[in-house]
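Trainee: File name my_file-v6.tsv; file contents TSV, C-alpha atoms; full text below.
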```tsv
chain	number	residue	atom	x	y	z
R	785	MET	CA	2.64	-19.08	-20.86
R	786	ALA	CA	0.30	-19.03	-17.91
R	787	GLU	CA	-3.25	-17.74	-17.91
R	788	GLU	CA	-4.16	-15.52	-14.96
R	789	LEU	CA	-7.76	-15.34	-13.74
R	790	GLU	CA	-8.71	-12.89	-11.01
R	791	LEU	CA	-11.41	-10.93	-9.24
R	792	LYS	CA	-11.16	-7.89	-6.96
R	793	ALA	CA	-13.35	-6.47	-4.20
R	794	VAL	CA	-13.26	-3.59	-1.73
R	795	VAL	CA	-12.61	-4.67	1.87
R	796	ALA	CA	-14.24	-2.54	4.56
R	797	ASP	CA	-12.85	-4.53	7.51
R	798	PRO	CA	-9.46	-6.16	6.84
R	799	ALA	CA	-9.17	-7.51	10.40
R	800	ALA	CA	-12.48	-9.37	10.05
R	801	LEU	CA	-11.40	-10.71	6.66
R	802	ARG	CA	-8.14	-11.94	8.13
R	803	SER	CA	-10.06	-13.75	10.89
R	804	ARG	CA	-12.36	-15.44	8.38
R	805	LEU	CA	-9.44	-16.58	6.25
R	806	THR	CA	-7.69	-18.01	9.31
R	807	ALA	CA	-10.88	-19.81	10.33
R	808	ALA	CA	-11.19	-21.27	6.82
R	809	GLY	CA	-7.69	-22.74	7.07
R	810	ALA	CA	-5.90	-20.28	4.80
R	811	THR	CA	-2.11	-20.26	5.08
R	812	PRO	CA	-0.34	-16.89	5.37
R	813	GLY	CA	2.27	-16.11	2.75
R	814	PHE	CA	4.18	-12.94	1.91
R	815	HIS	CA	3.58	-9.94	4.18
R	816	GLY	CA	5.25	-6.62	3.44
R	817	LEU	CA	5.66	-3.86	0.86
R	818	MET	CA	5.11	-4.64	-2.80
R	819	THR	CA	6.17	-2.09	-5.41
R	820	ASP	CA	5.37	-2.35	-9.11
R	821	HIS	CA	7.26	-0.35	-11.74
R	822	ARG	CA	5.47	-0.47	-15.08
R	823	TYR	CA	7.64	0.10	-18.15
R	824	ASP	CA	6.89	1.22	-21.67
R	825	ARG	CA	8.68	2.54	-24.74
R	826	GLU	CA	6.93	5.47	-26.42
R	827	GLY	CA	3.53	4.07	-25.43
R	828	ALA	CA	3.85	0.97	-27.60
R	829	LEU	CA	2.85	-1.51	-24.87
R	830	THR	CA	0.01	0.65	-23.54
R	831	ALA	CA	-1.42	0.91	-27.06
R	832	ARG	CA	-1.61	-2.90	-27.17
R	833	ASP	CA	-2.95	-3.17	-23.59
R	834	GLU	CA	0.20	-5.06	-22.59
R	835	VAL	CA	2.10	-4.68	-19.33
R	836	LEU	CA	5.83	-4.97	-18.73
R	837	ARG	CA	6.51	-4.82	-15.01
R	838	VAL	CA	9.20	-5.18	-12.39
R	839	ARG	CA	7.72	-6.12	-9.02
R	840	ASN	CA	9.80	-5.73	-5.87
R	841	TYR	CA	8.87	-7.57	-2.66
R	842	ARG	CA	10.17	-6.20	0.64
R	843	PRO	CA	8.98	-8.53	3.40
R	844	VAL	CA	8.52	-7.50	7.01
R	845	ALA	CA	11.38	-9.91	7.76
R	846	GLY	CA	13.86	-11.39	5.33
R	847	PRO	CA	15.59	-10.40	2.08
R	848	ALA	CA	13.95	-8.48	-0.74
R	849	THR	CA	13.08	-10.32	-3.96
R	850	ALA	CA	11.94	-9.23	-7.42
R	851	GLU	CA	10.30	-10.54	-10.56
R	852	ILE	CA	9.87	-9.37	-14.13
R	853	ALA	CA	6.49	-9.96	-15.76
R	854	TRP	CA	4.81	-9.42	-19.10
R	855	LYS	CA	1.04	-9.50	-19.38
R	856	GLY	CA	-1.05	-9.65	-22.52
R	857	PRO	CA	-4.26	-7.71	-23.14
R	858	ALA	CA	-6.99	-8.03	-20.53
R	859	THR	CA	-10.11	-9.97	-21.50
R	860	ARG	CA	-13.02	-11.58	-19.66
R	861	SER	CA	-13.28	-15.33	-19.28
R	862	PRO	CA	-16.63	-17.01	-20.05
R	863	GLU	CA	-17.21	-17.17	-16.28
R	864	GLY	CA	-16.68	-13.42	-15.92
R	865	TYR	CA	-13.16	-13.33	-14.48
R	866	LYS	CA	-10.49	-10.89	-15.59
R	867	ARG	CA	-8.13	-12.93	-17.79
R	868	ARG	CA	-4.63	-12.20	-19.03
R	869	THR	CA	-1.79	-14.26	-20.43
R	870	GLU	CA	1.24	-13.82	-18.20
R	871	LEU	CA	4.95	-14.62	-18.30
R	872	THR	CA	7.00	-14.12	-15.12
R	873	CYS	CA	10.52	-14.84	-13.99
R	874	ASP	CA	12.37	-14.23	-10.77
R	875	ALA	CA	15.01	-11.50	-10.90
R	876	ARG	CA	17.78	-10.37	-8.64
R	877	PRO	CA	16.82	-7.19	-6.76
R	878	ALA	CA	19.10	-4.21	-6.09
R	879	PRO	CA	22.00	-3.63	-6.39
R	880	ASP	CA	21.53	-5.57	-9.65
R	881	GLU	CA	18.20	-3.85	-10.28
R	882	PRO	CA	16.25	-5.71	-13.00
R	883	GLY	CA	14.80	-2.38	-14.14
R	884	ALA	CA	18.27	-1.36	-15.30
R	885	LEU	CA	18.12	-4.14	-17.88
R	886	LEU	CA	14.80	-2.84	-19.23
R	887	GLU	CA	16.12	0.71	-19.32
R	888	ALA	CA	19.15	-0.46	-21.30
R	889	LEU	CA	16.65	-1.77	-23.87
R	890	GLY	CA	14.99	1.65	-24.10
R	891	TYR	CA	12.08	1.15	-21.72
R	892	ARG	CA	11.21	3.76	-19.09
R	893	VAL	CA	9.07	3.68	-15.93
R	894	VAL	CA	5.65	5.09	-16.77
R	895	HIS	CA	3.77	4.14	-13.60
R	896	THR	CA	4.59	3.08	-10.03
R	897	ILE	CA	2.28	1.41	-7.53
R	898	ASP	CA	3.21	0.92	-3.88
R	899	ARG	CA	1.12	-1.16	-1.52
R	900	LYS	CA	1.33	-3.09	1.69
R	901	VAL	CA	0.08	-6.60	1.11
R	902	GLU	CA	-0.82	-9.78	2.94
R	903	VAL	CA	-0.91	-12.92	0.82
R	904	TRP	CA	-3.03	-15.91	1.86
R	905	LEU	CA	-3.23	-19.33	0.21
R	906	LEU	CA	-6.45	-21.31	0.34
R	907	ALA	CA	-7.31	-24.51	-1.55
R	908	GLY	CA	-5.53	-23.58	-4.78
R	909	ALA	CA	-6.38	-19.88	-4.71
R	910	THR	CA	-4.14	-16.95	-3.84
R	911	LEU	CA	-5.76	-14.08	-1.95
R	912	ARG	CA	-3.95	-10.77	-1.56
R	913	ILE	CA	-5.17	-8.02	0.77
R	914	GLU	CA	-3.82	-4.72	-0.56
R	915	TRP	CA	-3.43	-1.44	1.32
R	916	TYR	CA	-2.67	1.48	-1.02
R	917	PRO	CA	-1.11	4.77	0.14
R	918	ARG	CA	-4.52	6.44	-0.10
R	919	MET	CA	-7.48	4.44	-1.37
R	920	ASP	CA	-9.83	1.63	-0.39
R	921	VAL	CA	-8.31	-1.63	0.80
R	922	LEU	CA	-8.76	-4.22	-1.94
R	923	LEU	CA	-8.77	-8.01	-2.03
R	924	GLU	CA	-7.51	-9.76	-5.15
R	925	VAL	CA	-8.29	-13.45	-5.65
R	926	GLU	CA	-6.46	-15.52	-8.28
R	927	GLY	CA	-6.69	-19.16	-9.29
R	928	ALA	CA	-8.78	-21.59	-11.28
R	929	PRO	CA	-12.52	-20.81	-11.36
R	930	ALA	CA	-13.53	-23.38	-8.71
R	931	ALA	CA	-10.70	-22.24	-6.40
R	932	ILE	CA	-11.66	-18.59	-6.85
R	933	GLU	CA	-15.29	-19.28	-5.99
R	934	ALA	CA	-14.37	-21.33	-2.91
R	935	ALA	CA	-12.02	-18.57	-1.72
R	936	VAL	CA	-14.62	-15.87	-2.35
R	937	SER	CA	-17.11	-17.84	-0.29
R	938	ALA	CA	-14.60	-18.17	2.56
R	939	THR	CA	-14.09	-14.39	2.72
R	940	GLY	CA	-17.67	-13.78	3.81
R	941	LEU	CA	-17.85	-10.82	1.42
R	942	PRO	CA	-20.89	-10.59	-0.88
R	943	ARG	CA	-20.24	-12.38	-4.19
R	944	GLU	CA	-21.62	-9.40	-6.09
R	945	SER	CA	-18.93	-7.16	-4.60
R	946	PHE	CA	-16.27	-9.04	-6.62
R	947	THR	CA	-15.55	-7.74	-10.09
R	948	ALA	CA	-13.19	-8.26	-13.03
R	949	GLU	CA	-12.64	-4.51	-13.31
R	950	ALA	CA	-9.21	-2.89	-13.49
R	951	LEU	CA	-7.60	-0.99	-10.61
R	952	ILE	CA	-8.39	2.33	-12.29
R	953	ASP	CA	-12.12	1.57	-11.99
R	954	PHE	CA	-11.76	1.26	-8.21
R	955	VAL	CA	-9.86	4.56	-8.18
R	956	ARG	CA	-12.64	6.28	-10.13
R	957	ARG	CA	-15.27	5.15	-7.62
R	958	TYR	CA	-13.13	5.99	-4.59
R	959	GLU	CA	-12.35	9.61	-5.47
R	960	PRO	CA	-15.89	11.10	-5.64
R	961	ARG	CA	-16.95	9.12	-2.59
R	962	ALA	CA	-13.91	10.13	-0.52
R	963	GLY	CA	-13.78	13.69	-1.85
R	964	ARG	CA	-10.04	13.46	-2.53
R	965	THR	CA	-7.66	11.96	-5.03
R	966	ALA	CA	-6.38	8.45	-4.58
R	967	ALA	CA	-2.64	7.86	-4.23
R	968	LEU	CA	-1.26	4.62	-5.63
R	969	SER	CA	2.39	5.46	-4.99
R	970	LEU	CA	4.10	6.84	-1.91
R	971	ARG	CA	5.44	9.72	-3.98
R	972	GLU	CA	1.88	10.88	-4.72
R	973	LEU	CA	1.21	11.38	-0.99
R	974	GLY	CA	3.40	14.47	-0.83
R	975	GLY	CA	4.64	13.61	2.65
R	976	ASP	CA	1.31	12.44	4.11
R	977	GLN	CA	1.20	9.20	6.08
R	978	PRO	CA	0.10	6.17	4.01
R	979	ALA	CA	-3.23	4.61	4.91
R	980	TRP	CA	-1.52	1.49	6.19
R	981	GLY	CA	0.21	3.57	8.87
R	982	ALA	CA	-2.99	3.28	10.87
R	983	GLU	CA	-2.92	-0.52	10.74
```
With the file now loaded, output its structure as structure tokens.
Mentor:
Amino acid sequence: MAEELELKAVVADPAALRSRLTAAGATPGFHGLMTDHRYDREGALTARDEVLRVRNYRPVAGPATAEIAWKGPATRSPEGYKRRTELTCDARPAPDEPGALLEALGYRVVHTIDRKVEVWLLAGATLRIEWYPRMDVLLEVEGAPAAIEAAVSATGLPRESFTAEALIDFVRRYEPRAGRTAALSLRELGGDQPAWGAE
């Protein structure tokens, strides 16, 4: 089992962030649409703060891929990072949809998140810029503590803007400030253009 450590921050200027990462020597990785389907069975996993997820990657160019992941309860590391135990494995995407296997076991989709992402790799850290259908742009940084701190420094964003909070905490701050509900899935937009359409 792997241990995942991460921080998140709001990004006001993604283009400037991209320039700073390039200047710091970061290597671009996946670029495209990432869709998470979270599964549960009668709320059992949610009650234990566990996540069972199928993640689909649809790159700007190239074939789609998928992975199945399980995550244990979220905690905080001594350094203040969000920490979860995680198991992942690659899965074959449609037409052999990995979600069909979970549904055959009695699990059902309880939550979907769509986002356009850019992944960057820098000195042992993975940075992912995330555009949601309607919400702030976020940056997630994963890695070992020293790699996270070096990557955070390279972003040029204030260190205090990075937090171990969950996505729902960012949603709760966005909605009163924006005066409208956030949309984490394309279905929630009701036909409106996603925020990344302006990119």
Trainee: Just how far from atom CA of R:Pro862 is atom CA of R:Leu829, in Å to one decimal?
Mentor: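 Rounded to one decimal, the two atoms are 25.4 Å apart.
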Trainee: Could you tell me how far atom CA of R:Glu826 lies from atom CA of R:Met919, in Å and to one decimal?
Mentor: 28.9 Å
Trainee: Which residues come within 10 Å of stretch 837-851 of chain R, counting only C-alpha atoms, excluding same-chain residues fewer than 5 positions away, as an MDAnalysis selection string?
Mentor: chainID R and resid 814:824 872:878 881:883 886 893 895:898 900:902
Trainee: Using Å and a single decimal, report how far atom CA of R:Ser969 sits from atom CA of R:Pro942.
Mentor: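 Straight-line distance from atom CA of R:Pro942 to atom CA of R:Ser969 works out to 28.6 Å.
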Trainee: Residues near R:Pro798, anyone? I mean within 10 Å using only C-alpha atoms, not counting same-chain ones fewer than 5 positions away, as a ChimeraX atom specification.
Mentor: /R:803-804,913-915,921-923,983
Trainee: Between R:Asp920, R:Gly974, R:Leu871, R:Ala938, which one has atoms that come closest to R:Val955, using all atoms listed in the file?
Mentor: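 Closest candidate: R:Asp920.
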Trainee: So that I can see what lies close to R:Gly981, please list as number ranges by chain the residues with an atom at most 12 Å from it, counting all atoms listed in the file and leaving out residues fewer than 2 positions away in the same chain.
Mentor: R: 899-900, 915-918, 970, 976-979, 983
Trainee: Pick the closest to R:Ala888 from R:Leu905, R:Arg825, R:Glu924, R:Gly864: which is it, counting all atoms listed in the file?
Mentor: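 Using all atoms listed in the file, R:Ala888 sits closest to R:Arg825.
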Trainee: Out of R:Gly809, R:Arg956, R:Ser945, R:Ala966, which residue has the shortest atom-to-atom distance to R:Val795 when counting all atoms listed in the file?
Mentor: R:Ser945
Trainee: Restricting the calculation to all atoms listed in the file, which member of R:Gly890, R:Pro812, R:Pro929, R:Gly940 is positioned closest to R:Glu863?
Mentor: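 Of R:Gly890, R:Pro812, R:Pro929, R:Gly940, the one nearest R:Glu863, counting all atoms listed in the file, is R:Pro929.
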Trainee: Report as JSON the centre and the edge lengths, in Å to one decimal, of the axis-aligned box holding every listed atom of stretch 965-972 of chain R, padded by 5 Å on each side.
Mentor:
```
{"center_x": -1.1, "center_y": 8.3, "center_z": -3.8, "size_x": 23.1, "size_y": 17.3, "size_z": 13.7}
```
Trainee: Find the residue from R:Leu941, R:Ala858, R:Glu949, R:Val894 that sits nearest to R:Ala796; use all atoms listed in the file when measuring.
Mentor: R:Leu941
Trainee: Can you work out which one of R:Ala884, R:Ala962, R:Ala928, R:Ala831 has the shortest atom-to-atom distance to R:Leu791, counting all atoms listed in the file?
Mentor: R:Ala928
